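Asks: I'm passing along my_file-v4.txt; it holds compact mmCIF, C-alpha atoms.
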# COMPACT_ATOMS: atom_id res chain seq x y z
CA MET A 177 0.00 0.00 0.00
CA LYS A 178 1.44 3.37 -0.99
CA PHE A 179 2.53 5.55 1.96
CA ILE A 180 2.62 2.43 4.14
CA ASP A 181 4.94 -0.18 2.59
CA GLU A 182 7.85 2.17 1.96
CA TYR A 183 7.79 3.15 5.63
CA ARG A 184 8.52 -0.47 6.56
CA ASP A 185 11.79 -0.70 4.60
CA PRO A 186 14.12 -2.93 6.66
CA THR A 187 17.37 -1.35 5.41
CA ILE A 188 16.33 2.14 6.43
CA ALA A 189 14.93 0.77 9.70
CA ARG A 190 18.30 -0.82 10.51
CA GLY A 191 20.02 2.47 9.74
CA LEU A 192 17.65 4.36 12.02
CA VAL A 193 18.28 1.86 14.82
CA SER A 194 22.06 2.46 14.44
CA ALA A 195 21.44 6.19 14.44
CA ILE A 196 19.37 5.90 17.63
CA LYS A 197 22.15 3.87 19.30
CA ARG A 198 24.85 6.32 18.34
CA ARG A 199 22.95 9.47 19.18
CA SER A 200 21.67 8.12 22.49
CA GLU A 201 25.29 7.93 23.66
CA ARG A 202 25.13 11.70 23.99
CA LEU A 203 22.36 11.50 26.59
CA LYS A 204 23.46 12.42 30.09
CA SER A 205 21.11 9.89 31.67
CA GLY A 206 18.44 7.39 30.73
CA ILE A 207 15.27 8.83 29.21
CA THR A 208 11.63 7.80 29.16
CA ILE A 209 9.46 8.53 26.14
CA MET A 210 5.69 8.19 26.38
CA GLU A 211 3.41 7.52 23.43
CA VAL A 212 -0.05 9.01 23.89
CA CYS A 213 -1.81 7.15 21.15
CA GLY A 214 -3.23 3.65 21.09
CA THR A 215 -2.26 3.21 17.46
CA HIS A 216 1.37 3.91 18.44
CA THR A 217 1.09 1.42 21.31
CA HIS A 218 -0.14 -1.20 18.88
CA SER A 219 2.56 -0.48 16.26
CA ILE A 220 5.39 -0.35 18.82
CA ASN A 221 4.43 -3.79 20.12
CA ARG A 222 3.61 -5.23 16.73
CA PHE A 223 6.95 -4.26 15.20
CA GLY A 224 8.97 -5.09 18.33
CA ILE A 225 10.39 -1.57 18.51
CA LYS A 226 11.21 -1.68 22.24
CA ASP A 227 13.68 -4.52 21.63
CA LEU A 228 15.58 -2.43 19.11
CA LEU A 229 16.32 0.44 21.50
CA PRO A 230 19.41 0.94 23.66
CA ASP A 231 19.07 0.43 27.42
CA ASN A 232 19.00 4.15 28.17
CA VAL A 233 15.90 4.79 26.04
CA ARG A 234 12.68 3.49 27.55
CA LEU A 235 9.23 3.61 25.94
CA ILE A 236 6.04 3.66 28.00
CA SER A 237 2.39 3.87 27.01
CA GLY A 238 0.14 6.68 28.21
CA PRO A 239 -3.61 7.34 28.12
CA GLY A 240 -3.88 7.17 24.34
CA CYS A 241 -6.66 4.66 23.82
CA PRO A 242 -10.15 6.24 24.00
CA VAL A 243 -11.77 2.92 24.90
CA CYS A 244 -9.31 2.43 27.77
CA VAL A 245 -9.76 5.88 29.30
CA THR A 246 -13.58 5.75 29.24
CA SER A 247 -14.77 5.74 32.85
CA ILE A 248 -16.73 2.84 34.28
CA GLU A 249 -19.66 5.24 34.84
CA ASP A 250 -19.78 5.99 31.13
CA ILE A 251 -19.56 2.29 30.22
CA ASP A 252 -22.49 1.65 32.58
CA ARG A 253 -24.47 4.52 31.02
CA ALA A 254 -23.86 3.05 27.57
CA LEU A 255 -25.16 -0.31 28.77
CA LEU A 256 -28.27 1.34 30.19
CA LEU A 257 -28.93 3.26 26.97
CA ALA A 258 -28.63 0.04 24.98
CA LYS A 259 -31.36 -1.44 27.20
CA GLU A 260 -33.86 1.37 26.55
CA LYS A 261 -37.05 0.43 24.76
CA ASP A 262 -37.01 0.84 20.95
CA VAL A 263 -33.34 1.85 20.96
CA ILE A 264 -30.89 0.66 18.36
CA PHE A 265 -27.56 1.28 20.04
CA THR A 266 -24.70 1.81 17.61
CA THR A 267 -21.02 1.75 18.44
CA PHE A 268 -17.57 1.25 16.96
CA GLY A 269 -16.52 -2.37 17.41
CA ASP A 270 -13.84 -1.68 20.05
CA MET A 271 -16.43 -0.92 22.71
CA MET A 272 -18.41 -4.14 22.41
CA ARG A 273 -16.45 -6.18 24.92
CA VAL A 274 -15.56 -3.58 27.56
CA PRO A 275 -16.98 -4.78 30.87
CA GLY A 276 -19.13 -2.47 32.97
CA THR A 277 -19.82 -2.81 36.70
CA GLY A 278 -20.40 -6.48 37.43
CA GLY A 279 -18.82 -7.62 34.17
CA ALA A 280 -21.65 -7.17 31.65
CA SER A 281 -20.70 -5.83 28.20
CA LEU A 282 -22.53 -4.66 25.08
CA GLU A 283 -21.60 -7.95 23.45
CA MET A 284 -23.26 -9.93 26.24
CA MET A 285 -26.33 -7.72 26.06
CA ARG A 286 -26.55 -8.28 22.33
CA SER A 287 -26.53 -12.05 22.90
CA ASP A 288 -29.38 -11.46 25.34
CA GLY A 289 -31.40 -9.76 22.63
CA ALA A 290 -30.54 -6.05 22.91
CA ASN A 291 -30.53 -4.26 19.57
CA ILE A 292 -26.89 -3.27 19.23
CA ALA A 293 -25.19 -2.62 15.91
CA VAL A 294 -21.49 -2.13 15.17
CA VAL A 295 -20.85 0.71 12.73
CA SER A 296 -17.65 1.67 10.96
CA SER A 297 -18.67 5.31 10.47
CA PRO A 298 -20.95 7.70 12.38
CA LEU A 299 -22.65 8.27 9.04
CA ASN A 300 -23.84 4.64 9.12
CA ALA A 301 -25.72 5.40 12.35
CA VAL A 302 -27.42 8.41 10.73
CA ALA A 303 -28.38 6.26 7.72
CA LEU A 304 -29.80 3.64 10.05
CA ALA A 305 -31.97 6.28 11.76
CA GLU A 306 -33.20 7.40 8.36
CA GLU A 307 -34.11 3.85 7.47
CA LYS A 308 -35.66 2.75 10.81
CA LEU A 309 -38.00 5.60 11.60
CA GLU A 310 -39.80 3.57 14.28
CA ALA A 311 -36.58 3.21 16.31
CA GLU A 312 -34.41 5.60 18.31
CA VAL A 313 -30.86 5.26 17.03
CA VAL A 314 -28.22 6.14 19.63
CA LEU A 315 -24.56 6.43 18.67
CA LEU A 316 -21.84 6.01 21.27
CA GLY A 317 -19.65 8.99 20.38
CA ILE A 318 -16.19 7.99 21.46
CA GLY A 319 -12.72 9.06 20.43
CA PHE A 320 -10.23 11.89 20.54
CA GLU A 321 -9.88 14.81 18.13
CA THR A 322 -9.40 12.48 15.16
CA THR A 323 -12.93 11.11 15.57
CA SER A 324 -14.98 13.88 17.20
CA PRO A 325 -15.10 16.08 14.05
CA THR A 326 -16.57 13.10 12.14
CA VAL A 327 -19.29 12.64 14.76
CA ALA A 328 -19.93 16.40 14.70
CA ALA A 329 -20.27 16.25 10.90
CA ALA A 330 -22.69 13.32 11.21
CA VAL A 331 -24.80 15.26 13.73
CA MET A 332 -24.84 18.30 11.44
CA SER A 333 -25.96 16.14 8.52
CA ALA A 334 -28.72 14.60 10.65
CA ARG A 335 -29.96 18.07 11.55
CA LYS A 336 -29.82 19.20 7.94
CA LYS A 337 -31.88 16.18 6.89
CA GLY A 338 -34.38 16.78 9.72
CA ILE A 339 -33.72 13.38 11.31
CA LYS A 340 -35.32 13.32 14.75
CA ASN A 341 -34.70 9.73 15.88
CA PHE A 342 -30.91 10.04 16.15
CA SER A 343 -28.89 10.99 19.20
CA VAL A 344 -25.34 10.64 20.48
CA PHE A 345 -23.97 9.66 23.86
CA SER A 346 -20.77 11.70 23.80
CA VAL A 347 -17.83 10.37 25.77
CA HIS A 348 -15.46 12.21 23.45
CA LYS A 349 -12.29 13.52 25.03
CA VAL A 350 -9.57 15.92 24.01
CA ILE A 351 -5.87 15.15 24.44
CA PRO A 352 -4.06 18.36 25.52
CA PRO A 353 -5.63 18.64 29.04
CA ALA A 354 -4.61 15.02 29.74
CA VAL A 355 -1.05 15.75 28.63
CA LYS A 356 -1.02 18.69 31.05
CA ILE A 357 -2.11 16.41 33.92
CA LEU A 358 0.72 14.00 33.07
CA LEU A 359 3.24 16.85 32.98
CA ASP A 360 2.07 18.15 36.36
CA ASP A 361 2.15 14.76 38.13
CA PRO A 362 5.47 14.44 39.98
CA LYS A 363 5.14 10.63 40.02
CA ILE A 364 5.15 10.44 36.24
CA ASN A 365 8.64 11.03 34.94
CA VAL A 366 8.42 11.44 31.21
CA ASP A 367 11.18 13.22 29.29
CA GLY A 368 9.55 13.30 25.90
CA PHE A 369 6.30 12.55 24.12
CA LEU A 370 5.56 10.86 20.81
CA CYS A 371 2.49 12.94 20.06
CA PRO A 372 -0.42 11.23 18.30
CA GLY A 373 -0.20 11.48 14.50
CA HIS A 374 -3.86 11.42 13.59
CA VAL A 375 -5.09 13.57 16.49
CA SER A 376 -2.44 16.06 15.36
CA ILE A 377 -3.78 16.09 11.79
CA ILE A 378 -6.68 17.94 13.38
CA LEU A 379 -4.84 19.87 16.12
CA GLY A 380 -1.53 20.85 14.53
CA THR A 381 1.47 21.74 16.71
CA GLY A 382 -0.04 24.56 18.78
CA ALA A 383 -1.98 22.29 21.11
CA TYR A 384 1.21 20.82 22.56
CA SER A 385 3.11 24.03 23.35
CA ILE A 386 2.87 23.23 27.06
CA ILE A 387 5.24 20.24 26.57
CA PRO A 388 8.35 22.24 25.57
CA GLU A 389 7.34 24.94 28.05
CA LYS A 390 7.78 22.32 30.76
CA GLY A 391 11.17 21.28 29.39
CA ARG A 392 10.07 18.11 27.64
CA ALA A 393 10.51 16.97 24.05
CA ALA A 394 7.51 16.59 21.71
CA VAL A 395 7.51 14.92 18.30
CA ILE A 396 4.30 14.36 16.31
CA THR A 397 4.91 10.92 14.91
CA GLY A 398 3.40 8.61 12.27
CA PHE A 399 2.57 4.95 12.73
CA GLU A 400 4.84 2.86 10.54
CA PRO A 401 8.14 1.48 11.87
CA LEU A 402 10.27 4.11 10.11
CA ASP A 403 8.01 6.86 11.43
CA ILE A 404 8.25 5.62 15.01
CA LEU A 405 12.01 5.07 14.85
CA GLU A 406 12.57 8.53 13.40
CA GLY A 407 10.20 10.02 16.00
CA ILE A 408 12.30 8.41 18.74
CA LEU A 409 15.51 9.67 17.09
CA MET A 410 14.14 13.22 16.94
CA THR A 411 13.10 13.00 20.61
CA ILE A 412 16.60 11.84 21.59
CA ASP A 413 18.12 14.75 19.66
CA GLN A 414 15.88 17.27 21.45
CA MET A 415 16.85 15.76 24.80
CA ALA A 416 20.57 15.60 24.06
CA GLU A 417 20.63 19.16 22.76
CA GLU A 418 18.21 20.42 25.42
CA ARG A 419 16.32 22.07 22.58
CA PHE A 420 12.67 21.62 23.42
CA GLU A 421 10.05 22.24 20.76
CA VAL A 422 7.09 20.60 19.03
CA GLU A 423 8.46 18.96 15.88
CA ILE A 424 6.57 17.07 13.21
CA GLN A 425 7.99 13.76 12.02
CA TYR A 426 4.72 12.78 10.26
CA LYS A 427 4.92 15.63 7.76
CA ARG A 428 3.19 13.85 4.91
CA ALA A 429 -0.06 14.11 6.87
CA VAL A 430 0.29 16.72 9.62
CA LYS A 431 0.44 20.44 8.98
CA GLU A 432 1.66 23.02 11.52
CA GLU A 433 -1.81 24.54 11.68
CA GLY A 434 -3.67 21.20 11.72
CA ASN A 435 -7.05 21.00 9.99
CA PRO A 436 -9.04 24.14 10.91
CA SER A 437 -12.15 22.95 9.00
CA ALA A 438 -12.35 19.80 11.10
CA ARG A 439 -11.81 21.81 14.28
CA ALA A 440 -14.57 24.20 13.21
CA ALA A 441 -16.97 21.25 12.75
CA MET A 442 -16.10 19.95 16.22
CA ASP A 443 -16.48 23.40 17.79
CA SER A 444 -19.79 24.14 16.11
CA VAL A 445 -21.42 21.11 17.77
CA PHE A 446 -19.54 20.55 21.03
CA ASP A 447 -18.44 22.59 24.06
CA ARG A 448 -15.63 21.56 26.43
CA ALA A 449 -16.58 20.26 29.87
CA GLY A 450 -14.96 18.35 32.71
CA ALA A 451 -14.71 14.60 32.07
CA VAL A 452 -13.65 11.60 34.11
CA TRP A 453 -10.79 9.56 32.62
CA ARG A 454 -10.07 6.08 33.84
CA GLY A 455 -6.78 6.24 35.72
CA LEU A 456 -6.50 10.02 35.62
CA GLY A 457 -9.77 11.05 37.31
CA GLU A 458 -11.73 14.18 36.45
CA ILE A 459 -9.86 16.55 34.13
CA PRO A 460 -11.32 20.03 33.54
CA GLU A 461 -12.22 20.99 29.95
CA SER A 462 -11.23 17.56 28.65
CA GLY A 463 -14.61 16.22 27.50
CA LEU A 464 -16.96 17.22 24.70
CA VAL A 465 -20.63 17.89 25.43
CA PHE A 466 -23.30 19.21 23.05
CA ASN A 467 -23.56 22.99 22.88
CA SER A 468 -26.93 24.70 23.24
CA GLU A 469 -27.59 24.69 19.50
CA TYR A 470 -27.26 20.91 19.20
CA LYS A 471 -28.43 19.78 22.66
CA SER A 472 -31.47 18.02 21.20
CA PHE A 473 -29.02 15.38 19.88
CA ASP A 474 -27.75 14.59 23.37
CA ALA A 475 -28.79 11.01 24.24
CA LEU A 476 -28.40 11.73 27.97
CA LYS A 477 -31.10 14.43 27.68
CA ARG A 478 -33.37 12.27 25.57
CA PHE A 479 -33.40 9.30 27.95
CA ASP A 480 -33.89 9.45 31.66
CA LEU A 481 -31.25 7.08 32.99
CA PRO A 482 -31.46 5.84 36.59
CA ALA A 483 -28.62 6.59 39.01
CA ILE A 484 -25.92 3.91 38.92
CA ASP A 485 -23.51 2.78 41.57
CA SER A 486 -20.57 2.17 39.26
CA LYS A 487 -17.52 0.30 40.48
CA GLU A 488 -14.32 -0.66 38.73
CA ASP A 489 -13.02 -4.15 39.36
CA GLU A 490 -10.66 -3.53 42.29
CA ARG A 491 -8.12 -6.06 41.05
CA CYS A 492 -7.64 -4.24 37.73
CA SER A 493 -4.50 -2.12 37.23
CA CYS A 494 -5.63 -0.27 34.08
CA GLY A 495 -5.52 3.03 35.98
CA GLU A 496 -1.81 2.66 36.81
CA ILE A 497 -1.02 1.30 33.35
CA LEU A 498 -2.71 4.28 31.64
CA LYS A 499 -0.44 6.64 33.56
CA GLY A 500 2.65 4.67 32.61
CA LEU A 501 3.30 3.82 36.28
CA MET A 502 3.02 0.10 35.67
CA SER A 503 3.71 -2.08 32.67
CA PRO A 504 1.04 -4.65 31.72
CA ASP A 505 3.10 -7.66 32.84
CA GLN A 506 3.40 -6.15 36.33
CA CYS A 507 -0.36 -6.52 36.83
CA PRO A 508 -1.11 -9.66 38.85
CA LEU A 509 -4.09 -10.44 36.61
CA PHE A 510 -2.14 -10.20 33.35
CA ARG A 511 -2.25 -13.40 31.30
CA SER A 512 -3.61 -15.43 34.24
CA VAL A 513 -7.06 -14.02 34.99
CA CYS A 514 -7.16 -11.23 32.38
CA THR A 515 -6.77 -12.22 28.73
CA PRO A 516 -8.14 -10.81 25.45
CA LYS A 517 -10.76 -13.57 25.52
CA ASN A 518 -11.75 -12.83 29.06
CA PRO A 519 -10.77 -9.19 29.72
CA VAL A 520 -11.12 -7.68 33.19
CA GLY A 521 -10.19 -4.14 32.19
CA PRO A 522 -10.44 -2.07 29.01
CA CYS A 523 -6.69 -2.07 28.31
CA MET A 524 -7.02 -5.78 27.55
CA VAL A 525 -10.13 -5.32 25.37
CA SER A 526 -9.14 -2.78 22.78
CA SER A 527 -6.52 -3.89 20.28
CA GLU A 528 -4.89 -0.54 21.04
CA GLY A 529 -4.84 -1.05 24.78
CA ALA A 530 -1.40 -1.50 26.32
CA CYS A 531 -2.31 -4.89 27.83
CA SER A 532 -3.83 -6.32 24.68
CA ALA A 533 -0.90 -5.20 22.50
CA PHE A 534 1.57 -6.55 25.06
CA TYR A 535 -0.29 -9.87 25.28
CA LYS A 536 -0.50 -10.32 21.55
CA TYR A 537 3.05 -9.50 20.55
CA ARG A 538 5.25 -10.43 23.52
CA MET B 197 -9.28 3.90 17.53
CA CYS B 198 -7.61 6.79 15.75
CA ILE B 199 -6.58 4.36 13.07
CA ALA B 200 -6.66 5.94 9.63
CA PHE B 201 -5.40 4.88 6.22
CA PRO B 202 -4.05 6.61 3.15
CA GLY B 203 -6.17 5.98 0.05
CA LYS B 204 -6.39 7.26 -3.51
CA ILE B 205 -9.43 9.20 -4.70
CA ILE B 206 -11.09 7.34 -7.59
CA SER B 207 -14.11 9.60 -8.05
CA ILE B 208 -15.96 12.47 -6.37
CA ASP B 209 -19.74 12.92 -6.57
CA LYS B 210 -21.86 16.07 -6.39
CA ASP B 211 -22.57 15.58 -2.67
CA ASN B 212 -18.84 15.80 -1.90
CA TYR B 213 -18.45 12.09 -1.29
CA ALA B 214 -15.50 10.26 -2.80
CA VAL B 215 -14.79 6.65 -3.67
CA ILE B 216 -11.38 5.87 -2.20
CA ASP B 217 -9.12 2.96 -3.08
CA ILE B 218 -7.47 1.78 0.11
CA SER B 219 -5.09 -1.02 -0.85
CA GLY B 220 -7.49 -2.42 -3.45
CA VAL B 221 -10.60 -2.06 -1.27
CA ARG B 222 -13.04 0.63 -2.33
CA ARG B 223 -14.62 2.72 0.39
CA ASP B 224 -16.83 5.80 0.42
CA ALA B 225 -15.52 8.83 2.24
CA CYS B 226 -17.12 12.18 2.94
CA LEU B 227 -14.85 15.10 2.00
CA ASP B 228 -16.64 17.75 4.08
CA LEU B 229 -13.95 17.98 6.77
CA LEU B 230 -11.12 18.77 4.35
CA GLY B 231 -9.86 22.32 4.39
CA GLU B 232 -8.52 22.25 0.86
CA GLU B 233 -9.73 21.14 -2.53
CA VAL B 234 -8.80 17.62 -3.59
CA ASN B 235 -9.02 15.93 -6.97
CA VAL B 236 -9.25 12.47 -8.43
CA GLY B 237 -5.82 10.83 -8.08
CA ASP B 238 -4.92 12.64 -4.84
CA TYR B 239 -4.23 10.61 -1.72
CA VAL B 240 -6.15 11.37 1.47
CA ILE B 241 -6.01 10.02 5.01
CA CYS B 242 -9.34 8.28 5.77
CA HIS B 243 -10.90 7.75 9.17
CA VAL B 244 -14.38 6.31 9.93
CA GLY B 245 -15.93 7.31 6.62
CA PHE B 246 -14.29 10.73 6.31
CA ALA B 247 -11.18 12.06 4.60
CA ILE B 248 -9.42 14.10 7.28
CA GLU B 249 -6.33 15.35 5.42
CA LYS B 250 -4.67 15.33 2.03
CA VAL B 251 -1.37 13.44 1.88
CA ASP B 252 1.50 15.69 0.85
CA GLU B 253 3.22 13.51 -1.74
CA GLU B 254 6.17 15.88 -2.18
CA LEU B 255 6.96 15.89 1.54
CA ALA B 256 6.52 12.12 1.65
CA LYS B 257 9.10 11.69 -1.13
CA GLU B 258 11.49 14.19 0.46
CA LYS B 259 11.32 12.39 3.78
CA LEU B 260 12.17 9.02 2.26
CA SER B 261 15.11 10.38 0.30
CA PHE B 262 16.31 12.20 3.40
CA LEU B 263 16.22 8.97 5.40
CA GLN B 264 17.87 7.03 2.57
CA GLU B 265 20.67 9.59 2.40
CA LEU B 266 21.10 9.54 6.16
CA ILE B 267 21.50 5.78 6.08
CA ASP B 268 23.62 5.54 2.90
CA ASN B 269 26.13 8.08 4.16
CA GLU B 270 25.89 7.05 7.78
CA ILE B 271 25.27 10.67 8.79
CA TYR B 272 24.45 9.90 12.37
Could you rewrite the structure in this file as structure tokens?
Replies:
Amino acid sequence: MKFIDEYRDPTIARGLVSAIKRRSERLKSGITIMEVCGTHTHSINRFGIKDLLPDNVRLISGPGCPVCVTSIEDIDRALLLAKEKDVIFTTFGDMMRVPGTGGASLEMMRSDGANIAVVSSPLNAVALAEEKLEAEVVLLGIGFETTSPTVAAAVMSARKKGIKNFSVFSVHKVIPPAVKILLDDPKINVDGFLCPGHVSIILGTGAYSIIPEKGRAAVITGFEPLDILEGILMTIDQMAEERFEVEIQYKRAVKEEGNPSARAAMDSVFDRAGAVWRGLGEIPESGLVFNSEYKSFDALKRFDLPAIDSKEDERCSCGEILKGLMSPDQCPLFRSVCTPKNPVGPCMVSSEGACSAFYKYR
Amino acid sequence: MCIAFPGKIISIDKDNYAVIDISGVRRDACLDLLGEEVNVGDYVICHVGFAIEKVDEELAKEKLSFLQELIDNEIY
């Protein structure tokens, strides 16, 4: 595939690995680089990148998987919405197997007869509402800045078409406030960030200015092995030279200014509000809720959900793993109790979760 | 979740939807979120039924030749 295959060239990859080794010798001490994107987590594990790095360069995963950072309360709300009478609950496939309080998941509810459909685009959910006028179609709106403009565009198209039986349960989150929390947490020692390539297509470089301000490296990185290796190399250079800035490795897709049209779509439908992240707790201004103009599309306003006493499984370490404080194999449940077939926490469910990627490729 | 793929635009209809060839598989993608005009033959990054950015082919080529040069001449 063009723009994919050439970024897997083994000769160039070997060269980049040598370059990383040589340039890392200039580092005064060991460094830790965090990736804040589930697609990076998956690629890093899939291509065995950690094994190619010198001992003084450590990679850890952060809160980059939207499924993984969704709070247990929001999972429980999704399960309740899917139970509502006449509802067709639509979701991206990743969410189907995430357990709520007590272990139930959308997949289990579907086996029990709930009307739950997996969609590959928010536009499919709008089309379904158009087709099934007798039903209430609810879309689970999940994802970071890459995805939220697409859900906003789908909502705008539903309004334009006068579709009344469509609503969205928004658990959308935005990345920069979470990065700020990580930077401010004295327990989390990260020297540089591989910033998420596709989120940055939308955001551009400006959203990460806080990273160099706090004396950390930031490189917006693509997803193929050569991209990731070069992103690591650029991070090492920033560290060694103590030259902190937001650089773009993934230039074929990411522009300095991002995609203002996509941001405008997101901003015309959603406002920022506080949101609870699994592992990180409530972060101000980090969630997307419907603004007053589009509030009629808010599923939480359309359905009157009962109060829920949500509880995470106490044995699960996803919270620590999402902050990079623990690696998946340090969790006592990993591989014994918690497996992709029988996941206890969301990091084992999503293919982009740190635990699932670690399980599959290690 | 933020997974997205580069694909080539095969056709564009009057509603601003394109047929995209992603590694031999044809998918529809809405072009409404793009900030710039695209044409048949351009590559775009596709995510959940939308094109979210045009691929800059020049920069892509430059990057590869830069890396190749770095490796060939061991400039590191």
Asks: Up to 7 Å from (-9.1, 11.7, -10.0) in the file's coordinates: name the residues, counting all atoms listed in the file, as a PyMOL selection string.
Replies: chain B and resi 205-207+235-238
Asks: Can you work out which one of A:Leu315, A:Ile408, A:Val212, A:Ser247 has the shortest atom-to-atom distance to Leu229 in chain A, counting all atoms listed in the file?
Replies: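 With all atoms listed in the file as the atom set, the closest residue is A:Ile408.
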Asks: Within 7 Å of chain A, which residues of chain B come that close, and what is the closest atom pair and distance in Å for each? Count only C-alpha atoms and give it as CSV.
Replies:
residue,atom,partner,partner_atom,distance
B:Met197,CA,A:Gly319,CA,6.8
B:Cys198,CA,A:Thr322,CA,6.0
B:Ile199,CA,A:Thr215,CA,6.3
B:Pro202,CA,A:Phe179,CA,6.8
B:Ser219,CA,A:Met177,CA,5.3
B:Leu229,CA,A:Ala438,CA,5.0
B:Leu230,CA,A:Ser437,CA,6.3
B:Gly231,CA,A:Ser437,CA,5.2
B:Val244,CA,A:Ser297,CA,4.4
B:Gly245,CA,A:Ser297,CA,5.1
B:Phe246,CA,A:Thr326,CA,6.7
B:Glu249,CA,A:Ala429,CA,6.6
B:Lys250,CA,A:Ala429,CA,6.8
B:Val251,CA,A:Ala429,CA,5.2
B:Asp252,CA,A:Arg428,CA,4.8
B:Glu253,CA,A:Arg428,CA,6.7
B:Leu255,CA,A:Arg428,CA,5.5
B:Ala256,CA,A:Arg428,CA,5.0
B:Leu263,CA,A:Ile188,CA,6.9
B:Gln264,CA,A:Ile188,CA,6.4
B:Ile267,CA,A:Gly191,CA,5.2
B:Tyr272,CA,A:Ala195,CA,5.2
Asks: Please indicate the distance in Å from CA of Cys244 in chain A to CA of Gly380 in chain A, rounded to one decimal place.
Replies: 24.0 Å
Asks: Could you list, as a PDB file with C-alpha atoms, keeping the file's coordinate frame, every residue within 10 Å of Ser237 in chain A, counting all atoms listed in the file and ignoring same-chain residues fewer than 5 positions away?
Replies:
ATOM      1  CA  ILE A 209       9.460   8.530  26.140  1.00  0.00           C
ATOM      2  CA  MET A 210       5.690   8.190  26.380  1.00  0.00           C
ATOM      3  CA  GLU A 211       3.410   7.520  23.430  1.00  0.00           C
ATOM      4  CA  VAL A 212      -0.050   9.010  23.890  1.00  0.00           C
ATOM      5  CA  CYS A 213      -1.810   7.150  21.150  1.00  0.00           C
ATOM      6  CA  GLY A 214      -3.230   3.650  21.090  1.00  0.00           C
ATOM      7  CA  HIS A 216       1.370   3.910  18.440  1.00  0.00           C
ATOM      8  CA  THR A 217       1.090   1.420  21.310  1.00  0.00           C
ATOM      9  CA  HIS A 218      -0.140  -1.200  18.880  1.00  0.00           C
ATOM     10  CA  ILE A 220       5.390  -0.350  18.820  1.00  0.00           C
ATOM     11  CA  PHE A 369       6.300  12.550  24.120  1.00  0.00           C
ATOM     12  CA  LEU A 370       5.560  10.860  20.810  1.00  0.00           C
ATOM     13  CA  ILE A 497      -1.020   1.300  33.350  1.00  0.00           C
ATOM     14  CA  LEU A 498      -2.710   4.280  31.640  1.00  0.00           C
ATOM     15  CA  LYS A 499      -0.440   6.640  33.560  1.00  0.00           C
ATOM     16  CA  GLY A 500       2.650   4.670  32.610  1.00  0.00           C
ATOM     17  CA  LEU A 501       3.300   3.820  36.280  1.00  0.00           C
ATOM     18  CA  MET A 502       3.020   0.100  35.670  1.00  0.00           C
ATOM     19  CA  SER A 503       3.710  -2.080  32.670  1.00  0.00           C
ATOM     20  CA  PRO A 504       1.040  -4.650  31.720  1.00  0.00           C
ATOM     21  CA  GLY A 529      -4.840  -1.050  24.780  1.00  0.00           C
ATOM     22  CA  ALA A 530      -1.400  -1.500  26.320  1.00  0.00           C
ATOM     23  CA  CYS A 531      -2.310  -4.890  27.830  1.00  0.00           C
TER      24      CYS A 531
END
